[in-house]
>>> print(open('start_7.pdb').read())   # PDB, C-alpha atoms
ATOM      1  CA  MET A   1      14.696  -3.783  15.553
ATOM      2  CA  GLY A   2      11.265  -2.657  16.754
ATOM      3  CA  GLY A   3       8.703  -0.207  15.496
ATOM      4  CA  ARG A   4       5.265  -0.542  13.963
ATOM      5  CA  TYR A   5       4.756  -0.516  10.208
ATOM      6  CA  VAL A   6       1.748  -0.554   7.930
ATOM      7  CA  GLN A   7       1.516  -2.332   4.588
ATOM      8  CA  PHE A   8       0.411   0.583   2.413
ATOM      9  CA  LEU A   9       0.736  -1.197  -0.960
ATOM     10  CA  GLY A  10      -0.737  -4.485  -2.080
ATOM     11  CA  SER A  11      -3.947  -6.427  -2.595
ATOM     12  CA  ARG A  12      -4.958  -5.915   1.058
ATOM     13  CA  PRO A  13      -3.285  -2.679   2.228
ATOM     14  CA  GLY A  14      -3.650  -1.627   5.849
ATOM     15  CA  ILE A  15      -2.115  -4.570   7.717
ATOM     16  CA  VAL A  16      -0.110  -3.315  10.718
ATOM     17  CA  VAL A  17       2.950  -5.276  11.827
ATOM     18  CA  GLU A  18       5.707  -4.964  14.416
ATOM     19  CA  LEU A  19       9.245  -5.372  13.117
ATOM     20  CA  ILE A  20      10.791  -8.103  15.251
ATOM     21  CA  ASP A  21      14.144  -8.741  13.551
ATOM     22  CA  ASP A  22      15.728  -6.770  10.696
ATOM     23  CA  SER A  23      19.307  -7.951  11.252
ATOM     24  CA  SER A  24      19.267  -9.850   7.948
ATOM     25  CA  SER A  25      16.912 -10.597   5.068
ATOM     26  CA  PRO A  26      14.222 -11.843   5.288
ATOM     27  CA  TYR A  27      12.887  -9.660   8.112
ATOM     28  CA  LEU A  28      10.730 -11.179  10.831
ATOM     29  CA  VAL A  29       7.474  -9.312  11.520
ATOM     30  CA  ARG A  30       4.431  -9.920  13.726
ATOM     31  CA  THR A  31       0.816  -8.855  13.209
ATOM     32  CA  GLU A  32      -1.346  -7.339  15.938
ATOM     33  CA  ASN A  33      -2.951 -10.732  16.636
ATOM     34  CA  GLY A  34       0.448 -12.366  17.192
ATOM     35  CA  PHE A  35       0.984 -14.071  13.819
ATOM     36  CA  GLU A  36       4.653 -14.031  12.802
ATOM     37  CA  PHE A  37       5.944 -14.242   9.223
ATOM     38  CA  SER A  38       8.964 -13.282   7.136
ATOM     39  CA  VAL A  39       9.297 -10.576   4.477
ATOM     40  CA  SER A  40      12.325  -9.997   2.273
ATOM     41  CA  ALA A  41      14.169  -6.768   3.037
ATOM     42  CA  GLU A  42      13.444  -5.503  -0.491
ATOM     43  CA  ASP A  43       9.692  -6.155  -0.247
ATOM     44  CA  PHE A  44       9.543  -4.687   3.253
ATOM     45  CA  ARG A  45      11.076  -1.426   2.052
ATOM     46  CA  ARG A  46       8.741  -1.379  -0.953
ATOM     47  CA  TYR A  47       5.409  -2.372   0.604
ATOM     48  CA  TYR A  48       5.624  -1.108   4.194
ATOM     49  CA  ARG A  49       5.978   2.340   5.786
ATOM     50  CA  ALA A  50       6.370   3.470   9.394
ATOM     51  CA  GLU A  51       2.892   3.643  10.901
ATOM     52  CA  VAL A  52       2.999   7.405  11.522
ATOM     53  CA  SER A  53       4.700   8.334   8.249
ATOM     54  CA  ALA A  54       3.219   9.381   4.915
ATOM     55  CA  THR A  55       3.146   7.274   1.771
ATOM     56  CA  PRO A  56       6.508   7.635  -0.053
ATOM     57  CA  PRO A  57       6.365  10.295  -2.821
ATOM     58  CA  ARG A  58       7.021   7.789  -5.650
ATOM     59  CA  TRP A  59       3.773   5.968  -4.776
ATOM     60  CA  ARG A  60       1.470   8.956  -4.213
ATOM     61  CA  PRO A  61       0.102   9.021  -7.785
ATOM     62  CA  PHE A  62      -1.129   5.467  -7.179
ATOM     63  CA  VAL A  63      -2.947   6.182  -3.885
ATOM     64  CA  THR A  64      -6.500   4.794  -3.953
ATOM     65  CA  ASP A  65      -7.552   6.030  -0.481
ATOM     66  CA  LEU A  66      -6.626   9.670   0.090
ATOM     67  CA  GLU A  67      -7.439   9.572   3.812
ATOM     68  CA  THR A  68      -5.080   6.720   4.640
ATOM     69  CA  GLY A  69      -2.611   6.977   1.751
ATOM     70  CA  MET A  70      -3.158   3.307   0.903
ATOM     71  CA  VAL A  71      -2.510   1.858  -2.549
ATOM     72  CA  HIS A  72      -4.866  -0.975  -3.466
ATOM     73  CA  ALA A  73      -2.978  -2.678  -6.281
ATOM     74  CA  GLY A  74      -6.076  -4.221  -7.847
ATOM     75  CA  LYS A  75      -7.929  -0.918  -8.040
ATOM     76  CA  ILE A  76      -5.023   1.101  -9.428
ATOM     77  CA  ALA A  77      -4.405  -1.621 -12.008
ATOM     78  CA  LYS A  78      -7.967  -1.125 -13.282
ATOM     79  CA  VAL A  79      -7.475   2.651 -13.373
ATOM     80  CA  MET A  80      -4.279   2.354 -15.394
ATOM     81  CA  GLU A  81      -5.837  -0.211 -17.724
ATOM     82  CA  ILE A  82      -8.719   2.089 -18.722
ATOM     83  CA  ILE A  83      -6.396   5.112 -19.150
ATOM     84  CA  HIS A  84      -4.024   3.123 -21.353
ATOM     85  CA  SER A  85      -6.964   1.863 -23.446
ATOM     86  CA  PHE A  86      -7.741   5.486 -24.401
ATOM     87  CA  GLU A  87      -4.098   6.546 -24.580
ATOM     88  CA  ALA A  88      -3.848   4.542 -27.813
ATOM     89  CA  GLU A  89      -6.517   6.802 -29.357
ATOM     90  CA  PHE A  90      -5.141  10.118 -28.101
ATOM     91  CA  GLN A  91      -1.460   9.128 -28.459
ATOM     92  CA  ASP A  92      -0.957  11.019 -25.194
ATOM     93  CA  PHE A  93      -1.410   9.819 -21.603
ATOM     94  CA  ALA A  94      -2.278  13.258 -20.212
ATOM     95  CA  LYS A  95      -5.034  13.843 -22.775
ATOM     96  CA  ALA A  96      -6.496  10.392 -22.163
ATOM     97  CA  ARG A  97      -6.472  11.054 -18.402
ATOM     98  CA  ALA A  98      -8.179  14.457 -18.814
ATOM     99  CA  PHE A  99     -10.765  12.994 -21.212
ATOM    100  CA  LEU A 100     -11.704  10.251 -18.750
ATOM    101  CA  ARG A 101     -12.123  12.748 -15.906
ATOM    102  CA  ASP A 102     -14.568  14.760 -18.021
ATOM    103  CA  ALA A 103     -16.382  11.660 -19.250
ATOM    104  CA  VAL A 104     -16.867  10.242 -15.755
ATOM    105  CA  ARG A 105     -18.024  13.633 -14.492
ATOM    106  CA  MET A 106     -20.646  13.778 -17.248
ATOM    107  CA  MET A 107     -21.862  10.239 -16.517
ATOM    108  CA  GLY A 108     -22.382  11.131 -12.862
ATOM    109  CA  GLU A 109     -23.951   8.292 -10.864
ATOM    110  CA  ASP A 110     -25.720   6.822 -13.891
ATOM    111  CA  LEU A 111     -24.405   3.267 -14.202
ATOM    112  CA  GLU A 112     -25.939   2.872 -17.678
ATOM    113  CA  PRO A 113     -25.722   6.326 -19.277
ATOM    114  CA  ASN A 114     -27.384   7.090 -22.591
ATOM    115  CA  LEU A 115     -24.434   6.681 -24.937
ATOM    116  CA  HIS A 116     -25.774   8.990 -27.633
ATOM    117  CA  ARG A 117     -26.294  11.842 -25.151
ATOM    118  CA  LEU A 118     -22.882  11.161 -23.600
ATOM    119  CA  ARG A 119     -21.210  11.281 -27.022
ATOM    120  CA  ALA A 120     -22.945  14.581 -27.864
ATOM    121  CA  ALA A 121     -21.911  16.116 -24.528
ATOM    122  CA  LEU A 122     -18.284  15.035 -24.923
ATOM    123  CA  GLU A 123     -18.112  16.227 -28.534
ATOM    124  CA  LYS A 124     -19.457  19.600 -27.391
ATOM    125  CA  GLU A 125     -16.496  19.787 -24.987
ATOM    126  CA  GLY A 126     -14.086  19.006 -27.829
ATOM    127  CA  TRP A 127     -13.574  15.304 -27.049
ATOM    128  CA  SER A 128     -14.792  13.855 -30.380
ATOM    129  CA  GLN A 129     -11.579  11.837 -30.702
ATOM    130  CA  GLY A 130     -12.321   9.844 -27.562
ATOM    131  CA  VAL A 131     -15.849   8.839 -28.616
ATOM    132  CA  SER A 132     -15.265   8.160 -32.295
ATOM    133  CA  THR A 133     -16.365   4.522 -32.042
ATOM    134  CA  GLU A 134     -19.120   2.541 -30.315
ATOM    135  CA  LYS A 135     -16.412   0.417 -28.720
ATOM    136  CA  ALA A 136     -14.944   3.495 -26.994
ATOM    137  CA  LEU A 137     -18.373   4.476 -25.669
ATOM    138  CA  GLN A 138     -18.962   0.978 -24.349
ATOM    139  CA  ARG A 139     -15.595   1.076 -22.557
ATOM    140  CA  LEU A 140     -16.801   4.216 -20.777
ATOM    141  CA  GLN A 141     -20.085   2.589 -19.861
ATOM    142  CA  ASN A 142     -18.303  -0.457 -18.419
ATOM    143  CA  ILE A 143     -16.042   1.467 -16.015
ATOM    144  CA  PRO A 144     -16.782   0.125 -12.476
ATOM    145  CA  PRO A 145     -18.024   2.634  -9.841
ATOM    146  CA  ASP A 146     -14.847   2.375  -7.732
ATOM    147  CA  VAL A 147     -12.692   3.139 -10.784
ATOM    148  CA  ARG A 148     -14.953   6.058 -11.733
ATOM    149  CA  ALA A 149     -14.372   7.617  -8.324
ATOM    150  CA  LEU A 150     -10.600   7.384  -8.747
ATOM    151  CA  LEU A 151     -10.745   8.806 -12.283
ATOM    152  CA  LEU A 152     -12.554  11.867 -10.903
ATOM    153  CA  SER A 153      -9.603  12.516  -8.583
ATOM    154  CA  GLU A 154      -7.154  15.325  -9.347
ATOM    155  CA  THR A 155      -4.251  13.294  -7.941
ATOM    156  CA  CYS A 156      -4.730   9.608  -8.756
ATOM    157  CA  ALA A 157      -2.718   8.469 -11.802
ATOM    158  CA  VAL A 158      -1.470  11.983 -12.515
ATOM    159  CA  PHE A 159       2.290  12.234 -12.972
ATOM    160  CA  PRO A 160       4.902  14.988 -13.434
ATOM    161  CA  LEU A 161       6.210  15.735 -16.906
ATOM    162  CA  VAL A 162       9.955  15.391 -17.347
ATOM    163  CA  THR A 163      10.578  18.548 -19.365
ATOM    164  CA  GLY A 164      12.475  21.786 -19.158
ATOM    165  CA  LEU A 165      10.910  25.207 -18.678
ATOM    166  CA  ASN A 166      12.129  28.158 -20.726
ATOM    167  CA  GLY A 167       9.030  30.248 -20.295
ATOM    168  CA  GLU A 168       7.847  29.871 -23.856
ATOM    169  CA  GLU A 169       8.260  26.650 -25.740
ATOM    170  CA  VAL A 170       8.753  23.034 -24.761
ATOM    171  CA  HIS A 171      12.280  21.673 -24.870
ATOM    172  CA  ALA A 172      12.320  18.268 -23.211
ATOM    173  CA  GLU A 173      15.133  17.499 -20.812
ATOM    174  CA  LYS A 174      15.694  13.785 -20.468
ATOM    175  CA  LYS A 175      16.567  12.775 -16.942
ATOM    176  CA  GLU A 176      18.293   9.530 -16.244
ATOM    177  CA  GLU A 177      16.770   7.759 -13.278
ATOM    178  CA  PRO A 178      18.016   4.618 -11.547
ATOM    179  CA  HIS A 179      16.239   1.458 -12.611
ATOM    180  CA  ARG A 180      13.566   0.425 -10.156
ATOM    181  CA  LYS A 181      11.990  -2.962 -10.202
ATOM    182  CA  ARG A 182       8.211  -2.679 -10.568
ATOM    183  CA  PRO A 183       6.251  -4.625  -7.907
ATOM    184  CA  ALA A 184       4.498  -7.703  -9.274
ATOM    185  CA  ALA A 185       1.263  -6.379  -7.765
ATOM    186  CA  LEU A 186       1.264  -3.545 -10.293
ATOM    187  CA  GLU A 187       2.551  -5.376 -13.365
ATOM    188  CA  SER A 188      -1.000  -5.708 -14.713
ATOM    189  CA  ALA A 189      -1.250  -1.914 -14.750
ATOM    190  CA  ARG A 190       1.418  -1.671 -17.482
ATOM    191  CA  PRO A 191       0.539  -2.346 -21.141
ATOM    192  CA  ALA A 192       2.663  -5.079 -22.717
ATOM    193  CA  LYS A 193       3.634  -2.909 -25.694
ATOM    194  CA  PRO A 194       2.768   0.777 -25.202
ATOM    195  CA  THR A 195       1.941   2.530 -28.463
ATOM    196  CA  THR A 196       3.650   5.744 -27.441
ATOM    197  CA  LYS A 197       5.835   7.082 -24.686
ATOM    198  CA  PRO A 198       3.484   8.772 -22.166
ATOM    199  CA  ARG A 199       3.954  12.416 -21.301
ATOM    200  CA  TRP A 200       2.988  12.680 -17.665
ATOM    201  CA  ALA A 201       0.863  15.532 -16.435
ATOM    202  CA  GLY A 202       1.219  17.075 -12.989
ATOM    203  CA  MET A 203       2.409  20.147 -11.125
ATOM    204  CA  LYS A 204       4.199  20.814  -7.863
ATOM    205  CA  ASN A 205       1.937  22.701  -5.377
ATOM    206  CA  ALA A 206      -0.273  24.030  -8.172
ATOM    207  CA  GLU A 207      -3.710  22.862  -9.244
ATOM    208  CA  MET A 208      -5.386  23.703 -12.544
ATOM    209  CA  SER A 209      -9.073  23.772 -13.464
ATOM    210  CA  VAL A 210     -10.900  25.084 -16.511
ATOM    211  CA  ASP A 211     -14.432  26.494 -16.572
ATOM    212  CA  GLY A 212     -15.366  27.480 -20.108
ATOM    213  CA  ASP A 213     -12.432  29.587 -21.285
ATOM    214  CA  ILE A 214     -11.257  30.542 -17.793
ATOM    215  CA  LEU A 215      -8.175  28.758 -16.487
ATOM    216  CA  THR A 216      -7.777  28.902 -12.697
ATOM    217  CA  ILE A 217      -4.510  28.044 -10.926
ATOM    218  CA  THR A 218      -4.358  27.742  -7.140
ATOM    219  CA  VAL A 219      -1.145  27.672  -5.090
ATOM    220  CA  ASP A 220      -0.436  27.339  -1.355
ATOM    221  CA  LEU A 221       2.237  29.977  -0.723
ATOM    222  CA  SER A 222       3.040  28.570   2.733
ATOM    223  CA  LYS A 223       4.720  25.510   1.214
ATOM    224  CA  GLU A 224       8.387  25.157   0.295
ATOM    225  CA  PHE A 225      10.159  22.496  -1.773
ATOM    226  CA  GLY A 226      13.777  23.246  -1.028
ATOM    227  CA  PRO A 227      16.400  25.182  -2.969
ATOM    228  CA  SER A 228      16.455  25.490  -6.743
ATOM    229  CA  LYS A 229      19.296  23.961  -8.779
ATOM    230  CA  SER A 230      21.253  27.195  -8.492
ATOM    231  CA  GLY A 231      20.722  27.307  -4.721
ATOM    232  CA  LYS A 232      19.802  30.992  -4.928
ATOM    233  CA  THR A 233      16.052  30.589  -4.505
ATOM    234  CA  ILE A 234      13.543  28.452  -2.592
ATOM    235  CA  ILE A 235      10.927  26.718  -4.753
ATOM    236  CA  VAL A 236       7.314  27.339  -3.719
ATOM    237  CA  ALA A 237       5.496  25.962  -6.772
ATOM    238  CA  SER A 238       6.370  24.813 -10.262
ATOM    239  CA  SER A 239       4.825  23.221 -13.313
ATOM    240  CA  GLU A 240       8.175  21.389 -13.619
ATOM    241  CA  GLY A 241       8.151  21.963 -17.325
ATOM    242  CA  ASN A 242       5.480  23.140 -19.729
ATOM    243  CA  LYS A 243       2.152  21.418 -19.138
ATOM    244  CA  SER A 244      -0.939  20.978 -21.285
ATOM    245  CA  VAL A 245      -3.977  22.765 -19.896
ATOM    246  CA  PRO A 246      -6.563  20.022 -19.104
ATOM    247  CA  GLY A 247      -8.661  19.288 -22.158
ATOM    248  CA  ARG A 248      -7.113  22.173 -24.154
ATOM    249  CA  THR A 249      -4.387  22.804 -26.706
ATOM    250  CA  GLU A 250      -2.774  25.589 -24.656
ATOM    251  CA  LYS A 251       0.345  24.971 -22.591
ATOM    252  CA  ILE A 252       1.466  26.574 -19.355
ATOM    253  CA  GLY A 253       4.830  27.193 -17.705
ATOM    254  CA  LEU A 254       4.819  28.293 -14.046
ATOM    255  CA  ASN A 255       7.473  29.020 -11.414
ATOM    256  CA  ILE A 256       6.967  30.573  -7.972
ATOM    257  CA  TYR A 257       9.909  31.038  -5.628
ATOM    258  CA  LYS A 258      11.394  32.963  -2.695
ATOM    259  CA  GLN A 259      14.752  34.727  -2.571
ATOM    260  CA  PRO A 260      16.196  34.419   0.949
ATOM    261  CA  GLY A 261      18.502  37.250   1.962
ATOM    262  CA  LYS A 262      17.049  39.706  -0.525
ATOM    263  CA  LYS A 263      15.767  43.079   0.661
ATOM    264  CA  ALA A 264      12.110  42.606   1.565
ATOM    265  CA  ALA A 265       9.679  43.940  -1.030
ATOM    266  CA  ARG A 266       6.015  43.197  -1.631
ATOM    267  CA  GLY A 267       4.093  43.066  -4.857
ATOM    268  CA  ARG A 268       1.742  45.926  -5.665
ATOM    269  CA  ARG A 269       0.194  44.655  -8.888
ATOM    270  CA  SER A 270      -2.699  42.208  -9.191
ATOM    271  CA  SER A 271      -2.683  41.906 -12.971
ATOM    272  CA  PHE A 272      -0.280  41.441 -15.858
ATOM    273  CA  LYS A 273      -0.931  40.533 -19.500
ATOM    274  CA  ASN A 274      -4.160  38.501 -19.251
ATOM    275  CA  VAL A 275      -3.091  37.330 -15.790
ATOM    276  CA  GLU A 276      -5.247  38.202 -12.766
ATOM    277  CA  MET A 277      -4.050  37.407  -9.233
ATOM    278  CA  ASP A 278      -5.926  37.230  -5.941
ATOM    279  CA  VAL A 279      -4.300  36.438  -2.587
ATOM    280  CA  ASN A 280      -6.270  35.311   0.471
ATOM    281  CA  GLY A 281      -3.942  34.509   3.349
ATOM    282  CA  ASP A 282      -1.473  31.963   1.944
ATOM    283  CA  SER A 283      -3.751  30.988  -0.939
ATOM    284  CA  LEU A 284      -2.904  32.428  -4.352
ATOM    285  CA  THR A 285      -5.469  32.227  -7.157
ATOM    286  CA  VAL A 286      -4.440  33.056 -10.726
ATOM    287  CA  LYS A 287      -6.982  33.375 -13.553
ATOM    288  CA  VAL A 288      -6.316  33.446 -17.302
ATOM    289  CA  ASP A 289      -8.851  33.964 -20.097
ATOM    290  CA  LEU A 290      -7.889  31.320 -22.676
ATOM    291  CA  SER A 291     -10.057  32.929 -25.367
ATOM    292  CA  LYS A 292      -7.670  35.901 -25.593
ATOM    293  CA  GLU A 293      -4.502  36.154 -27.667
ATOM    294  CA  LEU A 294      -1.534  38.515 -27.231
ATOM    295  CA  GLY A 295       0.030  37.823 -30.619
ATOM    296  CA  PRO A 296       2.955  35.671 -31.754
ATOM    297  CA  SER A 297       6.000  35.031 -29.586
ATOM    298  CA  LYS A 298       9.422  36.314 -30.581
ATOM    299  CA  SER A 299      10.209  33.028 -32.303
ATOM    300  CA  GLY A 300       6.943  33.137 -34.239
ATOM    301  CA  LYS A 301       6.274  29.485 -33.391
ATOM    302  CA  THR A 302       3.674  30.109 -30.692
ATOM    303  CA  THR A 303       0.818  32.468 -29.921
ATOM    304  CA  MET A 304       1.026  34.010 -26.465
ATOM    305  CA  ILE A 305      -2.166  33.799 -24.404
ATOM    306  CA  ALA A 306      -0.962  35.248 -21.098
ATOM    307  CA  THR A 307       2.320  36.253 -19.457
ATOM    308  CA  THR A 308       3.769  37.972 -16.418
ATOM    309  CA  GLU A 309       6.613  39.128 -18.701
ATOM    310  CA  GLY A 310       9.320  37.706 -16.527
ATOM    311  CA  ASN A 311       9.368  37.057 -12.790
ATOM    312  CA  GLN A 312       7.131  39.447 -10.850
ATOM    313  CA  LEU A 313       6.281  39.889  -7.177
ATOM    314  CA  VAL A 314       3.049  38.257  -6.062
ATOM    315  CA  LEU A 315       0.455  40.799  -4.925
ATOM    316  CA  GLY A 316       1.184  41.767  -1.301
ATOM    317  CA  ARG A 317       3.847  39.067  -0.946
ATOM    318  CA  GLU A 318       7.605  38.556  -1.193
ATOM    319  CA  GLU A 319       7.345  35.507  -3.476
ATOM    320  CA  LYS A 320       7.957  35.940  -7.194
ATOM    321  CA  ILE A 321       5.928  34.373  -9.994
ATOM    322  CA  GLY A 322       6.817  33.661 -13.608
ATOM    323  CA  LEU A 323       3.924  32.531 -15.768
ATOM    324  CA  ASN A 324       3.480  31.952 -19.506
ATOM    325  CA  VAL A 325       0.488  30.463 -21.312
ATOM    326  CA  TYR A 326       0.748  29.875 -25.048
ATOM    327  CA  ARG A 327      -0.550  27.892 -27.989
ATOM    328  CA  LYS A 328       1.529  26.382 -30.753
ATOM    329  CA  ILE A 329       0.972  27.779 -34.251
ATOM    330  CA  ASP A 330       0.084  24.991 -36.672
TER     331      ASP A 330
END
>>> encode(input="start_7.pdb", output="structure tokens")
Amino acid sequence: MGGRYVQFLGSRPGIVVELIDDSSSPYLVRTENGFEFSVSAEDFRRYYRAEVSATPPRWRPFVTDLETGMVHAGKIAKVMEIIHSFEAEFQDFAKARAFLRDAVRMMGEDLEPNLHRLRAALEKEGWSQGVSTEKALQRLQNIPPDVRALLLSETCAVFPLVTGLNGEEVHAEKKEEPHRKRPAALESARPAKPTTKPRWAGMKNAEMSVDGDILTITVDLSKEFGPSKSGKTIIVASSEGNKSVPGRTEKIGLNIYKQPGKKAARGRRSSFKNVEMDVNGDSLTVKVDLSKELGPSKSGKTTMIATTEGNQLVLGREEKIGLNVYRKID
């Protein structure tokens, strides 16, 4: 009993309540102006969080207000609807999400962009598939301003891939997760019959950006995400599988970790095969030139673009990094 909670998820997130009685379901709560009402225990756990706590991890990809961590169900439903409308064309959620980020960036603040110029700009960036029809262009033009802002975000509606990482090629590892009932507030965000199983894009403590042919990865080395499966290392950052580089055909596999108890040693190298590192305090920046090729992999199924050739010490640090960037051979 007791404690203040905020409704972080719903059509009007931000309502603060005091928990009056949680001895049995439904719970009794009271708003700041004294209005009392009941909430089922299940809905309370799903929609409310302690006032001083962060939004639960499972809901962070749906956050529509980064400052408060609130999830406005109506807004995120619109975001998911437009992504799914292009997912049918790309047959891949991650590609559709990356395409929309580029398209919205190109439209800028123009509410009625010139569709012919927009198509030419997107085709120049390699997105001809997403603008192959007038209907697709009109869908872009009709995206509301609030949805555009969320599509520009690097975190909203971006999800982790469920795959394994072997440093070279993708071998999906299916993970069984307990069934979770989807809140009714978000049901409109799910297509009735998805055309393909989405492959979620996202990385743990690593951000990617591409400028021309230069891929830049940034990592906060001060963060830790607990022990690895073996328990021998502490995870600092991970792609959690092989990820598609935004808007590109290349894929990346990344792991950064610490080895507690090992004799202290610090990295002395800033570069490996087409991998350049720069460390400023706890911030690690890694750059890769995607226009380069190192030749075929041992299996002959991929072309290597960049590699640390195993796990190497980060320049001037005790953390180790393993990085591979490659492209499948058609």
>>> residues_around(input="start_7.pdb", residues="Asp110 of chain A", least_positions_apart="6", cutoff="10 Å", atoms="only C-alpha atoms", output="CSV table (one decimal) with C-alpha atoms, keeping the file's coordinate frame")
chain,number,residue,atom,x,y,z
A,104,VAL,CA,-16.9,10.2,-15.8
A,141,GLN,CA,-20.1,2.6,-19.9
A,145,PRO,CA,-18.0,2.6,-9.8
>>> residues_around(input="start_7.pdb", residues="Thr307 of chain A", least_positions_apart="5", cutoff="6 Å", atoms="all atoms listed in the file", output="list in words")
Lys273, Leu323 and Asn324 of chain A
>>> closest_residue(input="start_7.pdb", among="A:Gln7, A:Ser153, A:Thr64, A:Gln312", to="Tyr47 of chain A", atoms="all atoms listed in the file")
A:Gln7
>>> axis_aligned_box(input="start_7.pdb", around="segment 213-220 of chain A", padding_each_side="4 Å", output="lines of an AutoDock Vina configuration file")
center_x = -6.4
center_y = 28.9
center_z = -11.3
size_x = 20.0
size_y = 11.2
size_z = 27.9
>>> residues_near_point(input="start_7.pdb", point="(3.4, 37.4, -11.2)", cutoff="9 Å", atoms="all atoms listed in the file", output="list of chain:residue names")
A:Ile256, A:Gly267, A:Arg269, A:Ser270, A:Ser271, A:Phe272, A:Val275, A:Glu276, A:Met277, A:Val286, A:Thr307, A:Thr308, A:Glu309, A:Gly310, A:Asn311, A:Gln312, A:Leu313, A:Val314, A:Leu315, A:Glu319, A:Lys320, A:Ile321, A:Gly322, A:Leu323
>>> residues_around(input="start_7.pdb", residues="Gly126 of chain A", least_positions_apart="5", cutoff="10 Å", atoms="all atoms listed in the file", output="ChimeraX atom specification")
/A:99,120-121,247-248
>>> atom_distance(input="start_7.pdb", atom1="atom CA of Lys229 of chain A", atom2="atom CA of Ala265 of chain A")
23.5 Å
>>> closest_residue(input="start_7.pdb", among="A:Gly10, A:Pro144, A:Pro26, A:Gly34", to="Arg46 of chain A", atoms="only C-alpha atoms")
A:Gly10
